[in-house]
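Q: For reference, this is structure39.txt, and it has compact mmCIF, C-alpha atoms.
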```
# COMPACT_ATOMS: atom_id res chain seq x y z
CA MET N 176 -7.50 -8.03 15.02
CA ALA N 177 -7.02 -8.44 11.29
CA ALA N 178 -4.56 -6.28 9.41
CA PRO N 179 -5.81 -2.72 8.86
CA LEU N 180 -6.95 -1.51 5.47
CA THR N 181 -4.09 -0.07 3.45
CA ALA N 182 -3.87 1.41 0.01
CA THR N 183 -1.10 -0.89 -1.11
CA ASP N 184 -2.27 -4.20 0.36
CA ASN N 185 -5.66 -5.50 -0.65
CA ASN N 186 -4.76 -8.77 1.10
CA THR N 187 -4.83 -10.78 -2.10
CA ALA N 188 -2.64 -13.53 -3.41
CA GLY N 189 -3.28 -12.67 -7.06
CA GLU N 190 -6.26 -13.02 -9.34
CA GLY N 191 -8.35 -11.23 -6.69
CA GLN N 192 -8.16 -14.16 -4.26
CA PRO N 193 -7.48 -13.44 -0.57
CA SER N 194 -4.07 -14.46 0.67
CA PRO N 195 -3.94 -17.54 2.93
CA HIS N 196 -2.95 -15.36 5.91
CA HIS N 197 -5.84 -12.98 5.33
CA LEU N 198 -8.32 -15.87 4.95
CA GLU N 199 -7.04 -17.33 8.20
CA GLU N 200 -7.60 -14.04 10.02
CA ARG N 201 -11.06 -13.57 8.47
CA MET N 202 -12.19 -17.00 9.57
CA LYS N 203 -11.72 -16.13 13.24
CA LEU N 204 -13.79 -14.31 15.80
CA HIS N 205 -11.95 -11.63 17.69
CA GLN N 206 -12.53 -10.71 21.31
CA LEU N 207 -13.42 -7.06 21.69
CA THR N 208 -11.19 -5.35 24.22
CA THR N 209 -13.18 -3.12 26.54
CA ALA N 210 -12.45 -1.11 29.67
CA ASP N 211 -14.77 -3.33 31.74
CA THR N 212 -12.65 -6.42 32.43
CA ALA N 213 -15.36 -7.94 34.66
CA ALA N 214 -17.99 -7.95 31.89
CA GLU N 215 -18.75 -11.00 29.76
CA PRO N 216 -16.51 -10.95 26.66
CA MET N 217 -17.89 -9.42 23.47
CA TRP N 218 -16.99 -10.92 20.09
CA CYS N 219 -16.53 -9.38 16.67
CA TRP N 220 -15.67 -10.39 13.12
CA VAL N 221 -13.74 -8.32 10.57
CA THR N 222 -15.20 -8.07 7.06
CA PRO N 223 -13.00 -8.56 3.99
CA ASP N 224 -12.79 -4.77 3.59
CA GLY N 225 -11.47 -4.35 7.15
CA ASP N 226 -14.67 -3.20 8.82
CA PRO N 227 -15.12 -4.75 12.30
CA GLN N 228 -18.61 -6.05 13.07
CA ILE N 229 -19.58 -6.45 16.71
CA ILE N 230 -21.52 -9.68 17.11
CA GLY N 231 -22.09 -9.64 20.86
CA GLU N 232 -21.66 -11.91 23.83
CA ALA N 233 -21.27 -15.69 23.50
CA ALA N 234 -25.06 -16.29 23.48
CA VAL N 235 -25.44 -13.96 20.50
CA VAL N 236 -22.58 -15.72 18.70
CA LEU N 237 -24.49 -19.00 19.14
CA GLU N 238 -27.70 -17.39 17.84
CA LEU N 239 -25.79 -16.13 14.81
CA ARG N 240 -24.37 -19.61 14.20
CA ASP N 241 -27.92 -21.04 14.30
CA ALA N 242 -29.16 -18.35 11.89
CA ILE N 243 -26.28 -19.08 9.48
CA ASP N 244 -27.01 -22.82 9.70
CA LYS N 245 -30.70 -22.16 8.82
CA PHE N 246 -29.66 -19.91 5.95
CA LEU N 247 -27.27 -22.49 4.52
CA ALA N 248 -29.63 -25.45 4.99
CA PHE N 249 -32.98 -23.88 4.10
CA GLY N 250 -32.34 -20.38 2.74
CA THR N 251 -34.12 -18.87 5.76
CA VAL N 252 -33.65 -15.10 6.00
CA GLY N 253 -35.29 -12.21 7.81
CA GLU N 254 -36.90 -9.10 6.35
CA PRO N 255 -34.68 -7.09 3.98
CA ILE N 256 -32.83 -4.06 5.36
CA ALA N 257 -32.03 -1.24 2.94
CA ASP N 258 -28.38 -0.24 2.66
CA THR N 259 -29.57 3.34 3.20
CA ASP N 260 -31.29 2.51 6.51
CA PRO N 261 -30.11 4.92 9.24
CA ALA N 262 -29.65 1.93 11.56
CA TRP N 263 -26.39 1.20 9.72
CA GLY N 264 -24.88 4.25 11.33
CA ASN N 265 -22.47 6.74 9.89
CA SER N 266 -22.87 8.26 6.49
CA TYR N 267 -20.06 10.26 4.97
CA ASP N 268 -20.29 13.37 2.91
CA ILE N 269 -17.68 13.89 0.20
CA GLY N 270 -15.29 15.62 2.62
CA ASP N 271 -15.45 12.74 5.11
CA ALA N 272 -14.92 10.18 2.35
CA VAL N 273 -11.92 12.07 0.99
CA ALA N 274 -10.43 12.35 4.48
CA GLU N 275 -10.70 8.58 5.00
CA ALA N 276 -9.21 7.81 1.59
CA VAL N 277 -6.30 10.21 2.19
CA GLN N 278 -5.75 8.62 5.61
CA TYR N 279 -5.17 5.32 3.82
CA GLY N 280 -2.80 6.95 1.34
CA TYR N 281 -4.97 6.91 -1.77
CA THR N 282 -3.94 10.30 -3.11
CA ASP N 283 -2.10 13.51 -2.49
CA ASN N 284 -4.72 15.42 -4.51
CA PRO N 285 -7.93 15.63 -2.44
CA THR N 286 -9.75 17.71 -5.09
CA ARG N 287 -9.24 15.05 -7.76
CA LEU N 288 -10.20 12.30 -5.30
CA ALA N 289 -13.41 14.18 -4.38
CA ASP N 290 -14.31 14.33 -8.09
CA THR N 291 -13.64 10.58 -8.42
CA ILE N 292 -15.85 9.80 -5.42
CA ARG N 293 -18.66 12.00 -6.77
CA ALA N 294 -18.41 10.23 -10.14
CA ALA N 295 -18.54 6.82 -8.43
CA CYS N 296 -21.63 7.93 -6.48
CA ARG N 297 -23.37 9.20 -9.64
CA ALA N 298 -22.54 5.97 -11.50
CA GLY N 299 -23.90 3.83 -8.66
CA ARG N 300 -20.56 2.21 -7.90
CA ILE N 301 -20.84 3.11 -4.19
CA ARG N 302 -23.94 1.28 -3.03
CA GLY N 303 -26.47 3.30 -1.09
CA ALA N 304 -24.94 6.69 -1.93
CA THR N 305 -27.73 9.23 -2.25
CA GLN N 306 -27.84 12.89 -3.10
CA THR N 307 -29.92 15.23 -0.96
CA ASP N 308 -32.16 17.99 -2.32
CA THR N 309 -29.28 20.41 -1.74
CA GLY N 310 -26.89 18.32 -3.85
CA ARG N 311 -24.91 16.93 -0.90
CA TRP N 312 -23.87 13.29 -1.23
CA MET N 313 -24.56 10.95 1.70
CA ILE N 314 -22.40 7.83 1.45
CA PRO N 315 -22.84 4.84 3.78
CA ARG N 316 -19.50 4.32 5.51
CA ARG N 317 -19.53 0.55 5.04
CA THR N 318 -20.20 0.61 1.32
CA PHE N 319 -17.70 3.42 0.84
CA ARG N 320 -14.99 1.34 2.51
CA HIS N 321 -15.88 -1.60 0.28
CA TRP N 322 -15.60 0.61 -2.81
CA LEU N 323 -12.35 2.10 -1.53
CA THR N 324 -10.70 -1.29 -1.06
CA ASN N 325 -11.59 -2.18 -4.65
CA TYR N 326 -10.79 1.22 -6.16
CA GLN N 327 -7.84 1.25 -8.54
CA PRO N 328 -6.70 4.75 -9.52
CA LYS N 329 -6.42 5.18 -13.26
CA ALA N 330 -3.56 7.03 -14.90
CA ARG N 331 -4.61 10.52 -15.93
CA ARG N 332 -3.46 12.47 -18.89
CA ALA N 333 -1.52 15.62 -18.15
```
Just give me the structure of the file as structure tokens.

A:
Amino acid sequence: MAAPLTATDNNTAGEGQPSPHHLEERMKLHQLTTADTAAEPMWCWVTPDGDPQIIGEAAVVLELRDAIDKFLAFGTVGEPIADTDPAWGNSYDIGDAVAEAVQYGYTDNPTRLADTIRAACRAGRIRGATQTDTGRWMIPRRTFRHWLTNYQPKARRA
């Protein structure tokens, strides 16, 4: 599995380019370890922001390869899927987002970080973040992680 997301290592070699090691790891499929050793192996890929994507068994990997080939050769794509579609899975509220960011060492001040995340949501910097009628932010986990890996804390005045 590729290196986990960390606050101090964005896996870059400078100028925002991925390091050779990180590119090498990203260009590989990874076998998913499961409790069922008799089952056909499942395969996954890890996104640049460290989010593992389960692809499926070998037949699905081949279908994905064919779909990518069609996309590259002819621009063939399926119907659009909204980044707010519930099929994507988990959405964070501000508390969940702060907890994940703190887990990766982004701050020792959760209140300030919560304010930063709310501001990023309001400004549209976290794709798919929506505010409910009650004012609660719902943040897609995947786009939050992407924002988090690119977030650079700014020095604050005392």

Q: Give me, please, the distance in Å between CA of Cys219 in chain N and CA of Gly280 in chain N, quoted to one decimal.

A: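 Taking CA of Cys219 in chain N as the start and CA of Gly280 in chain N as the end point, the length is 26.3 Å.
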
Q: What separation in Å, quoted to one decimal, exists between CA of Leu323 in chain N and CA of Pro227 in chain N?

A: 15.7 Å

Q: Using only C-alpha atoms, can you tell me which of N:Asp271, N:Glu238, N:Asp244, N:Glu232 comes closest to Ile314 in chain N?

A: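 Result for the nearest residue to Ile314 in chain N: N:Asp271.
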
Q: What is the CA of Ile230 in chain N-CA of Met217 in chain N distance in Å, reported with one decimal?

A: 7.3 Å

Q: Counting all atoms listed in the file, note down every residue that has an atom within 7 Å of the point (-6.4, 5.0, -6.1) (file coordinates), as a JSON list (two decimals) with C-alpha atoms, keeping the file's coordinate frame.

A:
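Output file part.json follows:
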```json
[["chain", "number", "residue", "atom", "x", "y", "z"],
["N", 281, "TYR", "CA", -4.97, 6.91, -1.77],
["N", 282, "THR", "CA", -3.94, 10.30, -3.11],
["N", 326, "TYR", "CA", -10.79, 1.22, -6.16],
["N", 327, "GLN", "CA", -7.84, 1.25, -8.54],
["N", 328, "PRO", "CA", -6.70, 4.75, -9.52]]
```

Q: Using only C-alpha atoms, pick whichever of N:Ala298, N:Ile243, N:Ile229, N:Ala272 has the shortest atom-to-atom distance to Thr286 in chain N.

A: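 Once distances to Thr286 in chain N are computed over only C-alpha atoms, the minimum belongs to N:Ala272.
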
Q: Given the choices N:Arg302, N:Ala233, N:Glu254, N:Arg311, which gets closest to Ile269 in chain N if the distance is worked out from all atoms listed in the file?

A: N:Arg311

Q: Would you please work out which residue, of N:Asn325, N:Val273, N:Asp268, N:Leu288, is nearest to Gln306 in chain N when using all atoms listed in the file?

A: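 Closest to Gln306 in chain N, using all atoms listed in the file: N:Asp268.
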
Q: Between N:His205, N:Arg240, N:Arg300, N:Arg293, which residue has the minimum interatomic distance to Tyr267 in chain N, considering all atoms listed in the file?

A: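 That would be N:Arg293, the residue with the smallest distance to Tyr267 in chain N.
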